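Source file: target33.cif. Holds: mmCIF, C-alpha atoms.
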data_protein
#
loop_
_atom_site.group_PDB
_atom_site.id
_atom_site.type_symbol
_atom_site.label_atom_id
_atom_site.label_comp_id
_atom_site.auth_asym_id
_atom_site.auth_seq_id
_atom_site.Cartn_x
_atom_site.Cartn_y
_atom_site.Cartn_z
ATOM 1 C CA MET A 1 -98.229 48.615 -10.265
ATOM 2 C CA GLN A 2 -98.317 44.918 -9.316
ATOM 3 C CA LEU A 3 -97.575 44.088 -12.946
ATOM 4 C CA LEU A 4 -94.571 46.429 -12.966
ATOM 5 C CA ASP A 5 -93.280 44.689 -9.835
ATOM 6 C CA ARG A 6 -93.477 41.356 -11.657
ATOM 7 C CA PHE A 7 -91.644 42.738 -14.685
ATOM 8 C CA ARG A 8 -88.925 43.982 -12.324
ATOM 9 C CA GLY A 9 -88.901 40.687 -10.436
ATOM 10 C CA CYS A 10 -88.484 38.704 -13.625
ATOM 11 C CA LEU A 11 -85.418 40.591 -14.861
ATOM 12 C CA LEU A 12 -83.855 41.054 -11.423
ATOM 13 C CA GLY A 13 -84.564 37.426 -10.507
ATOM 14 C CA GLY A 14 -82.969 36.241 -13.715
ATOM 15 C CA ALA A 15 -79.871 38.345 -13.123
ATOM 16 C CA ALA A 16 -79.630 37.229 -9.492
ATOM 17 C CA GLY A 17 -79.840 33.577 -10.516
ATOM 18 C CA ASP A 18 -77.200 34.137 -13.185
ATOM 19 C CA ALA A 19 -74.817 35.774 -10.702
ATOM 20 C CA LEU A 20 -75.473 33.104 -8.066
ATOM 21 C CA GLY A 21 -74.697 30.283 -10.489
ATOM 22 C CA MET A 22 -71.783 32.048 -12.186
ATOM 23 C CA PRO A 23 -68.902 30.740 -10.009
ATOM 24 C CA THR A 24 -70.087 27.110 -10.102
ATOM 25 C CA GLU A 25 -70.753 26.840 -13.845
ATOM 26 C CA GLY A 26 -69.045 23.815 -15.361
ATOM 27 C CA TYR A 27 -68.477 21.906 -12.117
ATOM 28 C CA THR A 28 -70.344 18.708 -11.315
ATOM 29 C CA ALA A 29 -72.787 18.692 -8.422
ATOM 30 C CA GLN A 30 -70.334 16.599 -6.403
ATOM 31 C CA GLU A 31 -67.496 19.045 -7.098
ATOM 32 C CA ILE A 32 -69.703 21.943 -6.010
ATOM 33 C CA ARG A 33 -70.640 20.203 -2.754
ATOM 34 C CA SER A 34 -67.047 19.385 -1.892
ATOM 35 C CA ARG A 35 -65.553 22.697 -2.990
ATOM 36 C CA PHE A 36 -68.261 25.216 -2.067
ATOM 37 C CA GLY A 37 -71.038 23.571 -0.082
ATOM 38 C CA PRO A 38 -74.583 24.950 -0.591
ATOM 39 C CA ILE A 39 -74.511 28.057 -2.822
ATOM 40 C CA ARG A 40 -76.402 30.482 -0.596
ATOM 41 C CA GLU A 41 -74.308 33.609 -1.112
ATOM 42 C CA MET A 42 -73.014 35.559 -4.080
ATOM 43 C CA MET A 43 -69.395 34.606 -4.693
ATOM 44 C CA ALA A 44 -66.566 35.628 -6.979
ATOM 45 C CA ALA A 45 -65.450 33.149 -9.598
ATOM 46 C CA PRO A 46 -62.572 31.013 -8.279
ATOM 47 C CA GLU A 47 -59.052 31.329 -9.627
ATOM 48 C CA GLY A 48 -58.551 29.321 -12.799
ATOM 49 C CA HIS A 49 -62.267 29.222 -13.593
ATOM 50 C CA PHE A 50 -63.346 30.457 -17.027
ATOM 51 C CA HIS A 51 -65.253 33.258 -15.261
ATOM 52 C CA SER A 52 -62.169 34.131 -13.209
ATOM 53 C CA GLY A 53 -62.094 37.884 -12.631
ATOM 54 C CA LEU A 54 -65.850 38.245 -12.147
ATOM 55 C CA LYS A 55 -66.701 39.461 -8.656
ATOM 56 C CA ALA A 56 -69.542 38.468 -6.367
ATOM 57 C CA GLY A 57 -72.810 39.724 -7.850
ATOM 58 C CA GLN A 58 -71.555 40.037 -11.403
ATOM 59 C CA PHE A 59 -73.514 38.216 -14.091
ATOM 60 C CA THR A 60 -72.595 36.426 -17.314
ATOM 61 C CA ASP A 61 -73.598 36.584 -20.963
ATOM 62 C CA ASP A 62 -77.022 35.189 -19.984
ATOM 63 C CA THR A 63 -78.105 38.480 -18.463
ATOM 64 C CA GLU A 64 -76.225 40.578 -20.994
ATOM 65 C CA GLU A 65 -78.175 38.957 -23.842
ATOM 66 C CA THR A 66 -81.445 39.212 -21.913
ATOM 67 C CA LEU A 67 -80.913 42.954 -21.516
ATOM 68 C CA LEU A 68 -79.894 43.346 -25.159
ATOM 69 C CA LEU A 69 -83.170 41.718 -26.177
ATOM 70 C CA ALA A 70 -85.214 43.765 -23.702
ATOM 71 C CA GLU A 71 -83.662 47.030 -24.828
ATOM 72 C CA SER A 72 -84.065 46.207 -28.501
ATOM 73 C CA LEU A 73 -87.765 45.514 -27.871
ATOM 74 C CA THR A 74 -88.375 48.935 -26.376
ATOM 75 C CA GLU A 75 -86.264 50.726 -28.993
ATOM 76 C CA SER A 76 -88.210 49.076 -31.824
ATOM 77 C CA CYS A 77 -91.618 49.240 -30.075
ATOM 78 C CA GLY A 78 -91.792 45.469 -30.433
ATOM 79 C CA PHE A 79 -89.590 42.715 -31.751
ATOM 80 C CA SER A 80 -87.424 43.513 -34.762
ATOM 81 C CA ALA A 81 -85.069 40.739 -35.845
ATOM 82 C CA GLU A 82 -82.938 43.282 -37.685
ATOM 83 C CA ARG A 83 -82.575 45.536 -34.650
ATOM 84 C CA PHE A 84 -81.837 42.637 -32.327
ATOM 85 C CA ALA A 85 -79.195 41.300 -34.730
ATOM 86 C CA GLU A 86 -77.605 44.760 -34.834
ATOM 87 C CA ARG A 87 -77.531 44.793 -31.045
ATOM 88 C CA LEU A 88 -75.897 41.364 -30.949
ATOM 89 C CA ALA A 89 -73.266 42.402 -33.487
ATOM 90 C CA SER A 90 -72.459 45.620 -31.622
ATOM 91 C CA TRP A 91 -72.142 43.707 -28.346
ATOM 92 C CA GLY A 92 -69.977 41.067 -29.992
ATOM 93 C CA SER A 93 -67.659 43.678 -31.443
ATOM 94 C CA ASN A 94 -66.656 44.584 -27.893
ATOM 95 C CA TRP A 95 -65.588 41.119 -26.807
ATOM 96 C CA THR A 96 -64.035 40.130 -30.103
ATOM 97 C CA LEU A 97 -61.665 43.090 -29.663
ATOM 98 C CA ASP A 98 -61.144 42.532 -25.930
ATOM 99 C CA GLU A 99 -61.585 38.999 -24.585
ATOM 100 C CA ARG A 100 -61.762 40.368 -21.051
ATOM 101 C CA GLN A 101 -65.281 41.538 -21.908
ATOM 102 C CA ASN A 102 -66.364 38.021 -22.897
ATOM 103 C CA ARG A 103 -68.403 36.676 -20.005
ATOM 104 C CA GLY A 104 -68.711 33.069 -21.068
ATOM 105 C CA VAL A 105 -70.305 33.439 -24.488
ATOM 106 C CA GLY A 106 -70.989 29.921 -25.766
ATOM 107 C CA PHE A 107 -69.632 28.481 -28.990
ATOM 108 C CA VAL A 108 -72.942 28.696 -30.875
ATOM 109 C CA THR A 109 -73.698 32.301 -29.956
ATOM 110 C CA ARG A 110 -70.093 33.324 -30.493
ATOM 111 C CA SER A 111 -69.982 31.790 -33.973
ATOM 112 C CA ALA A 112 -73.317 33.316 -34.950
ATOM 113 C CA VAL A 113 -72.397 36.762 -33.657
ATOM 114 C CA GLU A 114 -69.086 36.654 -35.491
ATOM 115 C CA SER A 115 -71.046 35.881 -38.670
ATOM 116 C CA LEU A 116 -73.310 38.864 -38.009
ATOM 117 C CA ILE A 117 -70.271 41.102 -37.514
ATOM 118 C CA ALA A 118 -68.891 39.855 -40.834
ATOM 119 C CA GLY A 119 -72.077 40.947 -42.594
ATOM 120 C CA THR A 120 -74.086 37.734 -42.718
ATOM 121 C CA GLY A 121 -77.832 38.361 -42.479
ATOM 122 C CA TRP A 122 -79.647 37.195 -39.363
ATOM 123 C CA GLN A 123 -81.607 34.722 -41.509
ATOM 124 C CA GLN A 124 -78.373 32.815 -42.233
ATOM 125 C CA SER A 125 -76.245 33.444 -39.124
ATOM 126 C CA GLY A 126 -77.759 30.865 -36.753
ATOM 127 C CA LEU A 127 -76.301 27.415 -36.104
ATOM 128 C CA SER A 128 -78.203 24.140 -35.855
ATOM 129 C CA ILE A 129 -76.727 23.156 -32.501
ATOM 130 C CA SER A 130 -79.219 22.620 -29.678
ATOM 131 C CA THR A 131 -77.722 24.618 -26.816
ATOM 132 C CA CYS A 132 -79.747 26.902 -24.562
ATOM 133 C CA GLY A 133 -78.279 30.259 -25.617
ATOM 134 C CA SER A 134 -81.491 31.612 -27.114
ATOM 135 C CA ALA A 135 -83.735 30.229 -24.355
ATOM 136 C CA MET A 136 -81.766 31.799 -21.509
ATOM 137 C CA ARG A 137 -82.507 35.289 -22.895
ATOM 138 C CA ALA A 138 -86.172 34.795 -23.918
ATOM 139 C CA ALA A 139 -87.914 36.096 -20.768
ATOM 140 C CA PRO A 140 -88.426 39.675 -22.121
ATOM 141 C CA ILE A 141 -90.559 38.254 -24.936
ATOM 142 C CA GLY A 142 -92.882 36.654 -22.390
ATOM 143 C CA LEU A 143 -93.107 39.911 -20.471
ATOM 144 C CA LEU A 144 -93.851 42.148 -23.447
ATOM 145 C CA TYR A 145 -96.328 39.813 -25.160
ATOM 146 C CA HIS A 146 -97.890 38.309 -22.047
ATOM 147 C CA PHE A 147 -101.374 39.251 -23.242
ATOM 148 C CA ASP A 148 -101.194 36.965 -26.331
ATOM 149 C CA LEU A 149 -99.478 33.584 -26.118
ATOM 150 C CA THR A 150 -99.545 33.189 -29.889
ATOM 151 C CA MET A 151 -97.436 36.323 -30.222
ATOM 152 C CA ALA A 152 -95.179 35.274 -27.355
ATOM 153 C CA ARG A 153 -94.616 31.922 -29.031
ATOM 154 C CA SER A 154 -93.937 33.445 -32.460
ATOM 155 C CA TYR A 155 -91.496 36.098 -31.286
ATOM 156 C CA ALA A 156 -89.713 33.756 -28.864
ATOM 157 C CA ASP A 157 -89.087 31.466 -31.816
ATOM 158 C CA LEU A 158 -88.028 34.336 -34.080
ATOM 159 C CA GLN A 159 -85.549 35.830 -31.594
ATOM 160 C CA SER A 160 -83.791 32.456 -31.490
ATOM 161 C CA LEU A 161 -82.969 32.365 -35.202
ATOM 162 C CA PRO A 162 -80.038 34.820 -35.379
ATOM 163 C CA THR A 163 -78.026 32.435 -33.183
ATOM 164 C CA HIS A 164 -79.889 29.114 -32.739
ATOM 165 C CA ILE A 165 -81.953 27.468 -35.471
ATOM 166 C CA SER A 166 -82.339 23.917 -34.136
ATOM 167 C CA LEU A 167 -85.867 22.870 -33.214
ATOM 168 C CA ALA A 168 -84.917 22.033 -29.617
ATOM 169 C CA ALA A 169 -83.315 25.448 -29.036
ATOM 170 C CA ARG A 170 -86.313 27.213 -30.563
ATOM 171 C CA ALA A 171 -88.769 25.121 -28.556
ATOM 172 C CA ALA A 172 -86.846 25.879 -25.361
ATOM 173 C CA SER A 173 -87.079 29.604 -26.118
ATOM 174 C CA VAL A 174 -90.834 29.259 -26.539
ATOM 175 C CA ALA A 175 -91.094 27.369 -23.254
ATOM 176 C CA VAL A 176 -89.297 30.131 -21.325
ATOM 177 C CA ALA A 177 -91.311 32.963 -22.890
ATOM 178 C CA VAL A 178 -94.667 31.223 -22.454
ATOM 179 C CA GLY A 179 -93.722 30.164 -18.924
ATOM 180 C CA VAL A 180 -92.891 33.753 -18.001
ATOM 181 C CA ALA A 181 -96.150 35.024 -19.522
ATOM 182 C CA LEU A 182 -98.256 32.498 -17.617
ATOM 183 C CA ALA A 183 -96.363 33.086 -14.364
ATOM 184 C CA LEU A 184 -96.917 36.815 -14.803
ATOM 185 C CA HIS A 185 -100.664 36.200 -14.878
ATOM 186 C CA GLY A 186 -100.548 34.250 -11.623
ATOM 187 C CA PHE A 187 -101.199 30.768 -12.947
ATOM 188 C CA SER A 188 -100.213 27.869 -10.714
ATOM 189 C CA LYS A 189 -96.789 26.336 -11.189
ATOM 190 C CA GLU A 190 -98.392 23.218 -12.642
ATOM 191 C CA ALA A 191 -100.316 25.300 -15.188
ATOM 192 C CA VAL A 192 -97.145 27.218 -16.095
ATOM 193 C CA VAL A 193 -95.308 23.962 -16.782
ATOM 194 C CA GLN A 194 -98.200 22.446 -18.722
ATOM 195 C CA GLY A 195 -98.589 25.567 -20.847
ATOM 196 C CA ALA A 196 -94.868 25.832 -21.547
ATOM 197 C CA ALA A 197 -94.750 22.156 -22.545
ATOM 198 C CA SER A 198 -97.817 22.412 -24.752
ATOM 199 C CA TRP A 199 -96.648 25.447 -26.708
ATOM 200 C CA SER A 200 -93.057 24.246 -27.074
ATOM 201 C CA SER A 201 -94.233 20.816 -28.259
ATOM 202 C CA ARG A 202 -95.597 22.443 -31.393
ATOM 203 C CA LEU A 203 -91.984 22.917 -32.466
ATOM 204 C CA ASP A 204 -90.359 19.876 -30.846
ATOM 205 C CA GLY A 205 -92.392 17.139 -29.223
ATOM 206 C CA ASP A 206 -89.336 15.561 -27.622
ATOM 207 C CA PHE A 207 -88.541 18.808 -25.829
ATOM 208 C CA GLY A 208 -92.097 19.146 -24.516
ATOM 209 C CA ASP A 209 -92.022 15.553 -23.281
ATOM 210 C CA LYS A 210 -88.706 16.137 -21.501
ATOM 211 C CA LEU A 211 -90.106 19.231 -19.792
ATOM 212 C CA LEU A 212 -93.080 17.288 -18.457
ATOM 213 C CA TYR A 213 -90.829 14.406 -17.410
ATOM 214 C CA ALA A 214 -88.492 16.719 -15.508
ATOM 215 C CA CYS A 215 -91.351 18.238 -13.576
ATOM 216 C CA SER A 216 -92.787 14.808 -12.739
ATOM 217 C CA LEU A 217 -89.767 13.986 -10.555
ATOM 218 C CA ARG A 218 -91.035 15.873 -7.538
ATOM 219 C CA ASP A 219 -90.835 12.872 -5.195
ATOM 220 C CA LEU A 220 -87.103 12.380 -5.729
ATOM 221 C CA PRO A 221 -84.338 14.209 -3.861
ATOM 222 C CA ALA A 222 -83.161 17.176 -5.914
ATOM 223 C CA GLY A 223 -79.746 15.690 -6.599
ATOM 224 C CA GLU A 224 -81.244 12.500 -8.024
ATOM 225 C CA ALA A 225 -83.807 14.404 -10.078
ATOM 226 C CA LEU A 226 -81.241 16.729 -11.623
ATOM 227 C CA GLU A 227 -78.977 13.770 -12.371
ATOM 228 C CA LEU A 228 -81.824 12.199 -14.343
ATOM 229 C CA ILE A 229 -82.752 15.453 -16.097
ATOM 230 C CA ARG A 230 -79.079 16.311 -16.674
ATOM 231 C CA THR A 231 -77.670 19.826 -16.620
ATOM 232 C CA SER A 232 -75.451 20.308 -19.667
ATOM 233 C CA PRO A 233 -75.822 23.436 -21.840
ATOM 234 C CA LEU A 234 -78.139 21.513 -24.177
ATOM 235 C CA ALA A 235 -81.548 23.190 -24.273
ATOM 236 C CA ILE A 236 -83.329 19.885 -23.642
ATOM 237 C CA GLU A 237 -81.474 19.602 -20.320
ATOM 238 C CA THR A 238 -80.903 23.142 -19.041
ATOM 239 C CA VAL A 239 -84.441 24.443 -19.529
ATOM 240 C CA PRO A 240 -86.274 21.426 -18.051
ATOM 241 C CA ALA A 241 -83.846 21.580 -15.094
ATOM 242 C CA ALA A 242 -84.799 25.227 -14.554
ATOM 243 C CA PHE A 243 -88.525 24.455 -14.673
ATOM 244 C CA TYR A 244 -87.932 21.589 -12.224
ATOM 245 C CA CYS A 245 -86.306 24.005 -9.752
ATOM 246 C CA TYR A 246 -89.155 26.468 -10.255
ATOM 247 C CA GLN A 247 -91.923 23.938 -9.720
ATOM 248 C CA ASN A 248 -90.564 22.040 -6.752
ATOM 249 C CA PHE A 249 -89.086 24.694 -4.433
ATOM 250 C CA ASP A 250 -89.778 28.093 -3.047
ATOM 251 C CA ALA A 251 -87.905 30.845 -4.829
ATOM 252 C CA GLU A 252 -84.752 31.158 -2.741
ATOM 253 C CA GLU A 253 -84.254 27.410 -2.354
ATOM 254 C CA GLY A 254 -85.010 26.905 -6.033
ATOM 255 C CA LEU A 255 -82.102 29.128 -7.058
ATOM 256 C CA ILE A 256 -79.795 27.586 -4.442
ATOM 257 C CA THR A 257 -80.677 24.152 -5.822
ATOM 258 C CA ALA A 258 -80.064 25.335 -9.399
ATOM 259 C CA ALA A 259 -76.717 26.937 -8.549
ATOM 260 C CA GLY A 260 -75.546 23.763 -6.807
ATOM 261 C CA GLY A 261 -76.881 21.239 -9.275
ATOM 262 C CA GLY A 262 -73.859 21.145 -11.557
ATOM 263 C CA GLY A 263 -73.371 21.825 -15.238
ATOM 264 C CA ASP A 264 -74.853 24.998 -16.710
ATOM 265 C CA THR A 265 -75.681 26.391 -13.282
ATOM 266 C CA ASP A 266 -75.880 30.064 -14.253
ATOM 267 C CA SER A 267 -78.403 29.456 -17.040
ATOM 268 C CA ILE A 268 -80.518 27.073 -14.947
ATOM 269 C CA ALA A 269 -80.639 29.486 -12.011
ATOM 270 C CA SER A 270 -81.244 32.473 -14.296
ATOM 271 C CA ILE A 271 -84.236 30.902 -16.060
ATOM 272 C CA ALA A 272 -85.667 29.708 -12.734
ATOM 273 C CA GLY A 273 -85.169 33.198 -11.284
ATOM 274 C CA SER A 274 -87.042 34.742 -14.215
ATOM 275 C CA LEU A 275 -90.003 32.424 -13.615
ATOM 276 C CA PHE A 276 -90.055 33.071 -9.868
ATOM 277 C CA GLY A 277 -89.793 36.818 -10.428
ATOM 278 C CA ALA A 278 -92.575 36.884 -13.004
ATOM 279 C CA SER A 279 -94.880 35.118 -10.561
ATOM 280 C CA GLN A 280 -93.854 36.838 -7.321
ATOM 281 C CA GLY A 281 -92.286 40.199 -8.125
ATOM 282 C CA VAL A 282 -89.163 41.428 -6.343
ATOM 283 C CA SER A 283 -89.919 40.802 -2.668
ATOM 284 C CA TRP A 284 -88.616 37.213 -2.586
ATOM 285 C CA ILE A 285 -85.096 38.157 -3.736
ATOM 286 C CA PRO A 286 -82.901 38.222 -0.620
ATOM 287 C CA ARG A 287 -81.262 41.543 0.162
ATOM 288 C CA ARG A 288 -77.889 39.784 0.380
ATOM 289 C CA TRP A 289 -78.300 38.917 -3.320
ATOM 290 C CA LEU A 290 -79.685 42.250 -4.469
ATOM 291 C CA GLU A 291 -77.141 44.484 -2.773
ATOM 292 C CA PRO A 292 -74.051 43.214 -4.657
ATOM 293 C CA LEU A 293 -75.917 42.612 -7.932
ATOM 294 C CA GLU A 294 -74.366 44.662 -10.709
ATOM 295 C CA GLY A 295 -76.305 46.724 -13.220
ATOM 296 C CA LYS A 296 -79.452 47.139 -11.127
ATOM 297 C CA ASP A 297 -80.300 50.532 -12.634
ATOM 298 C CA ARG A 298 -80.007 49.165 -16.172
ATOM 299 C CA ILE A 299 -82.132 46.149 -15.252
ATOM 300 C CA GLU A 300 -84.785 48.356 -13.628
ATOM 301 C CA ASP A 301 -84.855 50.639 -16.690
ATOM 302 C CA ALA A 302 -85.272 47.653 -19.008
ATOM 303 C CA ALA A 303 -88.144 46.279 -16.904
ATOM 304 C CA ARG A 304 -89.944 49.624 -16.782
ATOM 305 C CA GLY A 305 -89.501 50.132 -20.518
ATOM 306 C CA LEU A 306 -91.033 46.733 -21.273
ATOM 307 C CA TRP A 307 -93.884 47.373 -18.849
ATOM 308 C CA GLN A 308 -94.731 50.741 -20.397
ATOM 309 C CA LEU A 309 -94.605 49.368 -23.921
ATOM 310 C CA SER A 310 -96.733 46.359 -23.000
ATOM 311 C CA ALA A 311 -99.284 48.643 -21.359
ATOM 312 C CA SER A 312 -99.496 50.707 -24.551
ATOM 313 C CA PHE A 313 -100.142 47.525 -26.550
ATOM 314 C CA CYS A 314 -102.959 46.528 -24.211
ATOM 315 C CA ARG A 315 -104.584 49.925 -24.561
#
Same coordinates, now as structure tokens:
Amino acid sequence: MQLLDRFRGCLLGGAAGDALGMPTEGYTAQEIRSRFGPIREMMAAPEGHFHSGLKAGQFTDDTEETLLLAESLTESCGFSAERFAERLASWGSNWTLDERQNRGVGFVTRSAVESLIAGTGWQQSGLSISTCGSAMRAAPIGLLYHFDLTMARSYADLQSLPTHISLAARAASVAVAVGVALALHGFSKEAVVQGAASWSSRLDGDFGDKLLYACSLRDLPAGEALELIRTSPLAIETVPAAFYCYQNFDAEEGLITAAGGGGDTDSIASIAGSLFGASQGVSWIPRRWLEPLEGKDRIEDAARGLWQLSASFCR
């Protein structure tokens, strides 16, 4: 049951990080400090923000896509690119008809999903723009295929292609999935980072180097380190920033740092939360974050489904 707790922790931690970073997404670190102070509590999106209307504890497209991937894995008894693409198209049909259901879907994912809706095959729908949209959702791959890093690497790469085909985006997806798998097995933070960098470097050496560089900045204050790493939606910035927060802080402070670091705060905090949850389970997530978190039953069901399917693979 310890493994189930880590599956739950990974998905709940990712959603909690997403919701914590949601209201600060797009602001600089300085703007966050002056406007909000340290981001220790769930907050609603401020008026005029592109997430305006989302309440405290609500998450963004990061968690929605993560759950779509997790649910498609259990429905297909493993990864099916066709089934995942169908899921993406069905989800996209909702927000293309009603923009109020669009929770910050990025340009790359939006364009790819619109192509899928129009009938383009998943092999041709992805864009060669290196944002982090496929990495932010990759944690379920690491959970399901934790017993075989070769499979985790292959399917993390494959799940990227319907939306993101650039090498950096694909490498970032591999880094997240492999990182989650290694954290699930209880490896040290340093080993998680080294493994994620090694496997992702097979697709993009520059990405792997950036990941190692980001995690070498442990002696700097967090603000200076994140300024050097940078925190834009580019995969080569967002994902190393998340691993930096994971490696250099305890879980709660890591997500607070991610949510206050500026830029793509929801994705950075979500990926960091997935890593912390995979390594520590649910117990570290503060009650004040869990209580307002939306969709907990759906998240719990997705985690249990992945755990049961993974256990059947191991048998």
Would you work out the distance separating CA of Ser128 (chain A) from CA of His164 (chain A), expressed in Å to one decimal? 6.1 Å
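Closest to Glu75 (chain A) among A:Leu306, A:Ala168, A:Ala191, A:Ala89 is A:Leu306, based on all atoms listed in the file.
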Run the PyMOL selection byres ((chain A and resi 250-262) around 9) against the file shown and list the residues it catches, as a PyMOL selection string. chain A and resi 16-18+20-33+36-41+222-223+226-227+230-232+241-242+244-249+263-270+272-273+276-277+280+284-286
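From CA of Gly295 (chain A) back to CA of Val174 (chain A), the distance works out to 26.3 Å.
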Measuring between only C-alpha atoms, which one of A:Leu275, A:Ser198, A:Asp61, A:Leu234 shows the shortest distance to Ala183 (chain A)?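 Comparing A:Leu275, A:Ser198, A:Asp61, A:Leu234 against Ala183 (chain A), the winner is A:Leu275.
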